[in-house]
There are 2 protein chains.
Amino acid sequence: MLRYVPAAELDRIRTLDADPYERVAAFADACRLNALYMIERAGSGHPGTTFSCLDVISWLHLEVMGDGDRYFSSKGHDAPGLYAVLTALGRLDFELIHQLRRLDGLPGHPDVAATPEVVTSTGSLGMGISKARGFALADRALGRSGHVYVLTGDGELQEGQFWESLQPTANQGLREITAIVDRNLVQSDTWVDRVSDLGDLEEKFKAFGWAVAHCDGHDLRMFSQTLKGLRSDERPKIVIAHTRKGGGVSFMEPEENLPRTETALYGYHSGAPSSAEYEQGTAEIEARLNERLLVMGAGSVELVAAEPPEHRSAPKERQMLVKGGAYERAIVEQAEKEPRLVVLDADLRLDCGLVTFRERFPERFYECGIAEQDMVSQAGAMALAGLLPVVHSFACFLSTRPNEQIYNNATEGTKIIYAGSLAGLVPGGPGHSHQSVRDISALGAVPGLSLIEPFTEAELEAALDWAVHNAPGSVYLRLVSVPWALGFDPPVVDEVVSGRGTVLRPAGDVLFVAAGPVMVAAGWHAADLLAEDGVEAGLVALPWLRDVDGAWLAEVAAGGQIVTLDNHYVTGGQGDAVLAALAAEAPEAASRVQKIGVTEVPKSGGNDETLRAHGLDAGGIRRQVLERRPVASPS
Amino acid sequence: MLRYVPAAELDRIRTLDADPYERVAAFADACRLNALYMIERAGSGHPGTTFSCLDVISWLHLEVMGDGDRYFSSKGHDAPGLYAVLTALGRLDFELIHQLRRLDGLPGHPDVAATPEVVTSTGSLGMGISKARGFALADRALGRSGHVYVLTGDGELQEGQFWESLQPTANQGLREITAIVDRNLVQSDTWVDRVSDLGDLEEKFKAFGWAVAHCDGHDLRMFSQTLKGLRSDERPKIVIAHTRKGGGVSFMEPEENLPRTETALYGYHSGAPSSAEYEQGTAEIEARLNERLLVMGAGSVELVAAEPPEHRSAPKERQMLVKGGAYERAIVEQAEKEPRLVVLDADLRLDCGLVTFRERFPERFYECGIAEQDMVSQAGAMALAGLLPVVHSFACFLSTRPNEQIYNNATEGTKIIYAGSLAGLVPGGPGHSHQSVRDISALGAVPGLSLIEPFTEAELEAALDWAVHNAPGSVYLRLVSVPWALGFDPPVVDEVVSGRGTVLRPAGDVLFVAAGPVMVAAGWHAADLLAEDGVEAGLVALPWLRDVDGAWLAEVAAGGQIVTLDNHYVTGGQGDAVLAALAAEAPEAASRVQKIGVTEVPKSGGNDETLRAHGLDAGGIRRQVLERRPVASPS
């Protein structure tokens with residue numbers, strides 16, 4: 001059973017007639033219980049970073065902010081903590097705590113369109129000071145007043161935009177901005193100072209013209225005094241709040257479980273704790289909360305038990321493309337064959353499937369931190385100097401943050417491999433900052449770049465092999481990270497042939513064209529459904545996202561409708577590439593193309609419900625095919 | 001007549017038996033003469049920034065660098081100076097000095113693919129330290145040794161990537177990197193400290209772990225001693241070289257001609273001096289060079305006279321869309337009507353047509369410096385707070401550097417107008433870093449964003465009016481900056497209708513579809529040429545780059561071939577949007593689409609020759625149409 005603090009109990013704690021520091025500390029612990037509940041119920045979230053800043057967020061909301069003031073988190077993945085506070089205050093419907101990362105619930109990262117009480121959408125790092133500045137300048141322009149509080153991570157400070165925004169904010173004398181650095185010392189993979197050490201933050205912030213102060217971010221008296229001490233300063237202000245990642249849940253605190261070795265990884269950045277850990281964490285927080293309540297002369301907290309949601313057992317035969325799967329193995333195999341191959345990573349060693357490589361080839365592994373532009377430009381120079389750089393991040397970040405740098409590299413005619421994981425609509429939990437459904441478009445016109453998305457582990461291995469040994473230029477590998485069941489036995493695809501794919505079911509009235517496990521599986525199941533409607537549907541797994549052999553595809557399609565399935569915005573995705581190839585090489589077939597894909601900003605939700613909401617599950621695809629009857633039937 | 005220093009004279013100066021500081025100063029002045037010659041002959045270039053760093057570049061190449069060492073300029077627009085040095089040293093064919101910014105000559109910015117003696121392609125700012133780091137790490141990995149010298153601008157330091165790259169470079173102990181800041185105090189528009197003051201650079205660099213020293217960048221003895229003083233330092237090194245923009249040509253030096261007022265603009269950042277200025281500058285440099293030679297006991301320099309190239313007088317009836325033209329006026333008119341409208345600029349006030357706005361509405365003008373990510377995220381917050389931000393930069397930068405920030409804003413459902421000027425292949429002089437032929441693709445999948453490219457001043461005014469008052473969401477205005485003659489009298493288009501355009505010539509065997517003055521003019525002239533081949537061609541000016549009314553267009557085309565003309569890569573441009581709209585709304589017509597556009601990295605050259613080289617002049621379009629015979633003729 002899961003347990004949470006009900007609204008009435010939160011009200012009771014929040015309004016205790018007691019020392020405010022004790023009261024808010026208790027409130028923060030109550031919010032910790034609910035944040036942990038939300039994450040456990042959702043099955044994913046970011047507990048470590050949520051807990052490190054919950055005391056700070058609670059103090060700001062209960063004791064500091066007034067009308068016209070704004071608070072937002074630049075890092076954004078501490079959203080469960082913010083939601084716990086806002087639901088406790090009644091600013092969000094309390095029942096939403098049961099709906100973290102569910103459709104029409106609370107998105108994995110703050111989303112102002114889905115949750116108007118949130119001030120701005122975050123989750124893409126480094127934008128916080130710029131946004132705070134925009135709010136402050138707009139308020140001045142509109143004759144409003146109000147203070148802007150922005151929380152940043154410490155790993156996040158590796159992003160160049162943070163430094164880009166600092167000096168101009170000081171130059172403009174934006175004293176109404178207070179930034180708080182959640183200095184929890186640990187970023188996604190491990191210790192910040194092992195990923196990309198930032199050195200003396202205070203010295204740097206001062207050099208950029210900000211008023212700077214330090215405090216213990218779990219000591220509310222000290223935090224409060226620090227804020228007060230800065231109040232009269234005419235400069236924008238920055239508080240370095242020293243916190244503990246996972247703070248308040250002992251086994252999540254890195255001093256206990258993250259040895260300072262080369263390879264140790266922090267275990268509680270993302271995901272949900274095990275059931276046993278959940279119990280232990282809840283018990284620990286509850287006990288501390290009750291102690292605090294006792295000190296204030298108040299009764300113990302009464303938690304409400306809740307059934308955990310049914311987690312369907314995952315199908316066994318899932319394509320494991322990235323972490324611990326095909327990519328994790330294949331990049332090591334390629335490095336063994338190709339001595340010029342080096343790996344660059346942006347603090348996603350674990351999630352991009354690079355743990356094995358890092359252990360095996362430490363001297364060929366370049367950890368760049370959350371600094372994608374720096375990473376990509378480095379790769380450009382490495383390639384000019386004779387290396388074969390393979391560059392990693394999540395697809396959403398890799399395709400957009402260093403977009404100009406990738407183009408700059410492309411104009412130099414060298415070979416670089418870009419591996420973008422977490423591509424597509426799912427996992428739907430993290431929300432649209434992480435759902436990469438624009439990367440094909442953002443990189444599609446980069447000259448000489450091949451874009452490939454494999455649908456099986458074997459095809460991924462073949463694609464990487466092709467990229468390393470045979471590709472004429474640079475390659476973007478678009479990788480679905482979430483393990484995915486195809487629902488059928490795929491043939492072994494052990495080579496990729498330029499522009500062509502694998503016919504999984506022969507074309508009939510319709511031929512589905514899809515890349516990657518999610519859309520190939522959806523196409524397969526949609527074909528099954530359409531058979532019930534008397535529509536015969538074929539399926540081709542086509543890994544090429546831009547360079548399509550149109551003549552071949554037209555032949556495969558025979559005279560049937562060609563329906564492209566994009567795990568991407570329908571604009572600028574594989575469907576447009578198919579259409580363009582047909583228009584050039586088999587024009588008549590271009591009149592038989594229907595493009596299906598994402599048409600609005602991705603929703604945050606469970607994987608199945610997210611696909612369904614966007615009409616990209618088998619049923620949604622069937623419906624869209626039937627809505628547009630085939631223009632021509634096969635002869 | 002123009003004049004240059006011939007190769008033999010450069011050899012004589014370079015090998016004089018004299019004090020090296022005097023000798024190299026003379027050599028640098030000889031290179032100044034040739035750089036000025038190149039710029040004047042090309043009709044464009046960046047004289048101010050070329051002259052400020054020529055002494056430094058000369059000293060490095062003549063007295064410091066050896067085998068395995070690398071030098072490159074991160075700012076890149078000082079290319080004429082580098083070319084003057086490399087041609088003088090025989091590392092580039094001397095005759096190339098007559099071919100700056102000409103096809104197959106010397107590109108406007110360094111391009112390693114076109115000019116292999118250049119170390120890396122630059123022109124997009126802020127990438128230099130990252131690239132230096134990539135070279136140094138690759139050299140270490142490959143067992144090579146060599147020092148990397150990288151020159152940066154001082155305005156350039158406003159880019160976040162510069163700061164993103166600093167600390168990790170220090171952490172890695174890359175002592176083989178020396179950065180030199182060309183501290184000439186003036187950026188594109190005006191004084192750096194008036195655009196976005198960087199404060200105490202030395203303090204900042206030290207805080208990021210670099211060894212820092214200062215010197216006069218025109219005093220070679222001091223520069224040399226400064227380099228030597230840093231040599232044994234184990235840290236990466238940075239020399240702040242205090243220089244004068246336009247240094248060595250008195251009337252280009254800002255102390256003389258750039259008053260410290262709110263509105264003063266520097267006159268010699270880009271472009272070419274007038275004939276009289278050319279004469280004056282040449283005489284001044286020549287006199288100083290001869291003085292230096294006299295001191296060394298050497299004879300005066302003998303310059304070679306060269307005919308200036310024929311500059312055809314520009315046609316009178318040119319569409320002036322940006323600077324001093326339609327946009328310059330229209331943004332002011334809109335601001336008068338819409339009080340929420342504010343303007344954000346990234347140090348391109350002059351080139352983006354914002355001088356009048358800045359004078360008229362100083363309190364609604366936000367100068368952000370060369371900090372596009374910070375600018376765009378600020379705009380996002382301003383929009384959330386109730387303003388209507390209009391965000392400006394060159395299209396190449398605006399669509400790519402803050403690509404993720406634009407998407408982040410888009411997910412918030414606010415309205416922001418992005419105005420990207422200098423769009424398309426021309427001007428061809430600056431080279432591919434500035435030729436924006438990927439912006440439609442890079443932004444094409446941003447949800448809710450309308451992309452529009454007007455072809456006349458009137459259509460631009462209508463498009464901006466629509467964007468401000470009627471657009472349902474955000475808008476990207478794609479603007480050709482170079483004044484352009486259509487070659488025919490366009491009808492007055494005083495409104496834009498969603499998805500539709502203006503039929504300029506009725507469809508025949510062929511219907512050209514184009515946006516913007518360059519492609520509309522090319523389509524018009526191609527239609528004239530095709531008439532001689534017996535092919536009847538129509539032309540529609542369609543400003544919509546993504547949201548196309550396919551049914552309307554199919555009707556306009558009747559049964560003819562639909563030929564899209566993209567001033568953009570053929571992938572991801574307007575042609576793909578046309579194809580997608582037809583496939584959805586008039587499928588049969590999708591089989592009659594031919595897409596013409598840019599198919600390789602843009603070449604740097606004169607405007608006409610660049611269009612011709614890419615097959616986008618009237619003749620090239622005619623050829624491509626005839627190569628693909630219409631699939632169907634009109635009944």
# chains A, B, ... in the order shown; residues from 1 in each chain; ligands from 1

$ select_by_dssp --residues "stretch 252-393 of chain B" --states "strand (DSSP E or B)" --output "count of residues only"
19

$ closest_atom_pairs --of "chain B" --to "chain A" --cutoff "6 Å" --atoms "only C-alpha atoms" --output "CSV"
residue,atom,partner,partner_atom,distance
B:Ala113,CA,A:Glu412,CA,5.5
B:Ser130,CA,A:Gln378,CA,5.1
B:Lys131,CA,A:Gln378,CA,4.9
B:Gly134,CA,A:Gln378,CA,4.0
B:Phe135,CA,A:Ala381,CA,5.2
B:Ala138,CA,A:Met382,CA,5.2
B:Glu159,CA,A:Glu164,CA,6.0
B:Gly160,CA,A:Gly160,CA,4.1
B:Gln161,CA,A:Gly160,CA,5.0
B:Trp163,CA,A:Gly160,CA,5.8
B:Glu164,CA,A:Gly160,CA,4.2
B:Ser165,CA,A:Asp374,CA,5.6
B:Lys204,CA,A:Ala207,CA,5.5
B:Ala207,CA,A:Lys204,CA,5.5
B:Asp374,CA,A:Ser130,CA,5.2
B:Ser377,CA,A:Lys131,CA,5.4
B:Gln378,CA,A:Gly134,CA,4.0
B:Ala381,CA,A:Gly134,CA,4.8
B:Met382,CA,A:Gly134,CA,5.0
B:Thr400,CA,A:Glu404,CA,5.0
B:Arg401,CA,A:Glu404,CA,5.5
B:Asn403,CA,A:Thr400,CA,5.4
B:Glu404,CA,A:Thr400,CA,5.0
B:Glu412,CA,A:Ala113,CA,5.4
B:Ser441,CA,A:Ser441,CA,5.8
B:Ala442,CA,A:Ala442,CA,4.2
B:Ala445,CA,A:Thr571,CA,5.4
B:Thr571,CA,A:Ala445,CA,5.4
B:Gly572,CA,A:Ala445,CA,5.9
B:Ala583,CA,A:Ser591,CA,5.9
B:Pro587,CA,A:Ser591,CA,4.4
B:Glu588,CA,A:Ser591,CA,5.0
B:Ala590,CA,A:Ser591,CA,5.2
B:Ser591,CA,A:Pro587,CA,4.4

$ residues_around --residues "B:Leu10" --least-positions-apart "6" --cutoff "8 Å" --atoms "only C-alpha atoms" --output "ChimeraX atom specification"
/B:27,30,88

$ residues_around --residues "stretch 304-308 of chain B" --least-positions-apart "4" --cutoff "9 Å" --atoms "only C-alpha atoms" --output "list in words"
Met1, Leu2, Arg3, Tyr4, Val5, Pro6, Glu40 and Arg41 of chain B

$ write_last_selection --atoms "N, CA, C and O atoms" --output "CSV table (one decimal), in the first residue's frame"
chain,number,residue,atom,x,y,z
B,1,MET,N,41.4,53.5,-59.4
B,1,MET,CA,42.3,52.3,-59.4
B,1,MET,C,42.5,51.8,-58.0
B,1,MET,O,42.7,52.6,-57.0
B,2,LEU,N,42.5,50.5,-57.8
B,2,LEU,CA,42.8,49.9,-56.6
B,2,LEU,C,44.3,49.6,-56.6
B,2,LEU,O,45.0,49.5,-57.6
B,3,ARG,N,44.9,49.3,-55.4
B,3,ARG,CA,46.3,49.0,-55.3
B,3,ARG,C,46.6,47.9,-54.3
B,3,ARG,O,45.9,47.9,-53.2
B,4,TYR,N,47.5,47.1,-54.6
B,4,TYR,CA,47.8,46.0,-53.6
B,4,TYR,C,49.3,45.8,-53.6
B,4,TYR,O,50.1,46.2,-54.5
B,5,VAL,N,49.8,45.1,-52.5
B,5,VAL,CA,51.2,44.8,-52.4
B,5,VAL,C,51.5,43.5,-53.1
B,5,VAL,O,50.8,42.5,-52.7
B,6,PRO,N,52.3,43.4,-54.0
B,6,PRO,CA,52.6,42.1,-54.7
B,6,PRO,C,53.4,41.2,-53.9
B,6,PRO,O,54.0,41.5,-52.9
B,40,GLU,N,37.6,46.1,-50.7
B,40,GLU,CA,37.1,47.1,-51.7
B,40,GLU,C,36.8,46.4,-53.0
B,40,GLU,O,35.8,46.7,-53.6
B,41,ARG,N,37.6,45.5,-53.4
B,41,ARG,CA,37.4,44.8,-54.7
B,41,ARG,C,36.1,43.9,-54.6
B,41,ARG,O,35.3,43.9,-55.5

$ select_by_dssp --residues "stretch 195-384 of chain A" --states "helix (DSSP H, G or I)" --output "NGL selection string"
:A and (195-196 or 201-207 or 220-230 or 250-252 or 254-257 or 275-295 or 326-337 or 355-360 or 362-364 or 372-384)

$ residues_around --residues "B:Pro454" --least-positions-apart "2" --cutoff "12 Å" --atoms "only C-alpha atoms" --output "VMD selection string"
chain B and resid 319 to 322 326 to 327 419 421 423 451 to 452 456 to 464 466 476 to 481 493 to 496 501 to 502 514 to 520 541 to 545

$ write_last_selection --atoms "N, CA and C atoms" --output "CSV table (one decimal), in the first residue's frame"
chain,number,residue,atom,x,y,z
B,319,GLN,N,13.2,45.8,-54.3
B,319,GLN,CA,12.5,45.6,-53.1
B,319,GLN,C,13.4,45.8,-51.9
B,320,MET,N,13.1,46.8,-51.0
B,320,MET,CA,14.0,47.0,-49.8
B,320,MET,C,13.2,46.5,-48.7
B,321,LEU,N,13.5,45.3,-48.3
B,321,LEU,CA,12.6,44.7,-47.3
B,321,LEU,C,13.0,45.0,-45.8
B,322,VAL,N,14.3,45.2,-45.6
B,322,VAL,CA,14.7,45.2,-44.2
B,322,VAL,C,15.3,46.6,-43.9
B,326,ALA,N,11.0,48.3,-45.9
B,326,ALA,CA,9.7,48.1,-45.4
B,326,ALA,C,9.6,47.7,-43.9
B,327,TYR,N,10.5,46.9,-43.5
B,327,TYR,CA,10.5,46.4,-42.1
B,327,TYR,C,10.8,47.6,-41.2
B,419,ALA,N,11.6,37.6,-36.2
B,419,ALA,CA,12.0,38.2,-37.5
B,419,ALA,C,13.4,37.9,-37.9
B,421,SER,N,16.2,38.1,-40.5
B,421,SER,CA,16.6,38.7,-41.8
B,421,SER,C,17.9,38.0,-42.3
B,423,ALA,N,17.9,36.2,-44.9
B,423,ALA,CA,17.5,34.8,-45.2
B,423,ALA,C,17.9,34.5,-46.6
B,451,LEU,N,5.0,30.3,-40.6
B,451,LEU,CA,6.3,30.8,-41.2
B,451,LEU,C,5.9,31.5,-42.5
B,452,ILE,N,6.3,32.8,-42.7
B,452,ILE,CA,5.9,33.6,-43.8
B,452,ILE,C,7.2,34.3,-44.4
B,456,THR,N,7.4,41.4,-51.5
B,456,THR,CA,7.4,42.8,-51.8
B,456,THR,C,7.3,43.6,-50.5
B,457,GLU,N,7.6,44.9,-50.5
B,457,GLU,CA,7.5,45.7,-49.3
B,457,GLU,C,6.1,45.7,-48.8
B,458,ALA,N,5.2,45.8,-49.8
B,458,ALA,CA,3.7,45.8,-49.3
B,458,ALA,C,3.3,44.5,-48.7
B,459,GLU,N,3.8,43.4,-49.2
B,459,GLU,CA,3.4,42.1,-48.7
B,459,GLU,C,4.1,42.0,-47.3
B,460,LEU,N,5.3,42.5,-47.1
B,460,LEU,CA,5.9,42.4,-45.8
B,460,LEU,C,5.1,43.2,-44.8
B,461,GLU,N,4.6,44.4,-45.2
B,461,GLU,CA,3.8,45.2,-44.3
B,461,GLU,C,2.5,44.5,-43.9
B,462,ALA,N,1.9,43.8,-44.9
B,462,ALA,CA,0.7,43.1,-44.6
B,462,ALA,C,1.0,41.9,-43.7
B,463,ALA,N,2.1,41.2,-44.0
B,463,ALA,CA,2.5,40.0,-43.2
B,463,ALA,C,2.7,40.4,-41.7
B,464,LEU,N,3.4,41.5,-41.5
B,464,LEU,CA,3.7,41.9,-40.1
B,464,LEU,C,2.3,42.3,-39.4
B,466,TRP,N,-0.6,41.2,-40.1
B,466,TRP,CA,-1.3,39.9,-39.8
B,466,TRP,C,-0.7,39.3,-38.6
B,476,TYR,N,7.1,33.3,-37.6
B,476,TYR,CA,8.4,33.5,-38.0
B,476,TYR,C,8.4,34.2,-39.4
B,477,LEU,N,8.9,35.4,-39.4
B,477,LEU,CA,9.0,36.2,-40.6
B,477,LEU,C,10.4,36.0,-41.2
B,478,ARG,N,10.4,35.4,-42.4
B,478,ARG,CA,11.7,35.1,-43.1
B,478,ARG,C,11.9,36.2,-44.1
B,479,LEU,N,13.0,37.0,-43.9
B,479,LEU,CA,13.2,38.2,-44.6
B,479,LEU,C,14.5,38.2,-45.4
B,480,VAL,N,14.3,38.4,-46.7
B,480,VAL,CA,15.5,38.6,-47.6
B,480,VAL,C,16.0,40.0,-47.3
B,481,SER,N,17.3,40.1,-47.0
B,481,SER,CA,17.8,41.5,-46.7
B,481,SER,C,18.4,42.2,-47.9
B,493,VAL,N,0.0,43.9,-53.0
B,493,VAL,CA,-0.6,42.9,-52.2
B,493,VAL,C,-0.7,43.5,-50.8
B,494,ASP,N,-1.9,43.9,-50.4
B,494,ASP,CA,-2.0,44.6,-49.1
B,494,ASP,C,-2.7,43.8,-48.0
B,495,GLU,N,-2.8,42.5,-48.3
B,495,GLU,CA,-3.2,41.6,-47.2
B,495,GLU,C,-2.7,40.2,-47.4
B,496,VAL,N,-2.5,39.4,-46.4
B,496,VAL,CA,-2.1,38.0,-46.6
B,496,VAL,C,-3.3,37.2,-46.2
B,501,GLY,N,-1.7,32.6,-51.9
B,501,GLY,CA,-0.7,33.6,-52.4
B,501,GLY,C,-1.3,34.4,-53.6
B,502,THR,N,-0.4,35.1,-54.3
B,502,THR,CA,-0.8,35.9,-55.4
B,502,THR,C,-0.4,35.3,-56.7
B,514,ALA,N,6.7,30.2,-55.4
B,514,ALA,CA,7.9,30.7,-54.7
B,514,ALA,C,7.5,31.8,-53.7
B,515,ALA,N,8.4,32.0,-52.7
B,515,ALA,CA,8.2,33.0,-51.7
B,515,ALA,C,9.4,33.9,-51.8
B,516,GLY,N,9.2,35.2,-51.4
B,516,GLY,CA,10.4,36.1,-51.3
B,516,GLY,C,10.8,36.6,-52.7
B,517,PRO,N,11.4,37.8,-52.6
B,517,PRO,CA,11.8,38.5,-53.9
B,517,PRO,C,12.8,37.7,-54.8
B,518,VAL,N,13.7,37.0,-54.2
B,518,VAL,CA,14.7,36.4,-55.0
B,518,VAL,C,14.2,35.3,-55.9
B,519,MET,N,13.4,34.4,-55.3
B,519,MET,CA,12.8,33.3,-56.0
B,519,MET,C,11.6,33.7,-56.9
B,520,VAL,N,10.9,34.6,-56.4
B,520,VAL,CA,9.8,35.1,-57.3
B,520,VAL,C,10.4,35.7,-58.6
B,541,ALA,N,3.2,33.8,-56.1
B,541,ALA,CA,4.0,34.2,-55.0
B,541,ALA,C,3.2,33.8,-53.7
B,542,LEU,N,3.8,32.7,-53.1
B,542,LEU,CA,3.1,32.1,-52.0
B,542,LEU,C,3.9,32.4,-50.7
B,543,PRO,N,3.5,33.3,-49.8
B,543,PRO,CA,4.3,33.6,-48.7
B,543,PRO,C,4.4,32.6,-47.6
B,544,TRP,N,3.5,31.7,-47.6
B,544,TRP,CA,3.4,30.7,-46.5
B,544,TRP,C,4.4,29.6,-46.8
B,545,LEU,N,5.2,29.4,-45.8
B,545,LEU,CA,6.3,28.4,-45.9
B,545,LEU,C,5.9,27.0,-45.4

$ residues_around --residues "B:Gln99" --least-positions-apart "5" --cutoff "10 Å" --atoms "only C-alpha atoms" --output "list in words"
Met38, Ile39, Arg41, Ala42, Asp104, Gly105, Leu106, Pro107 and Gly605 of chain B
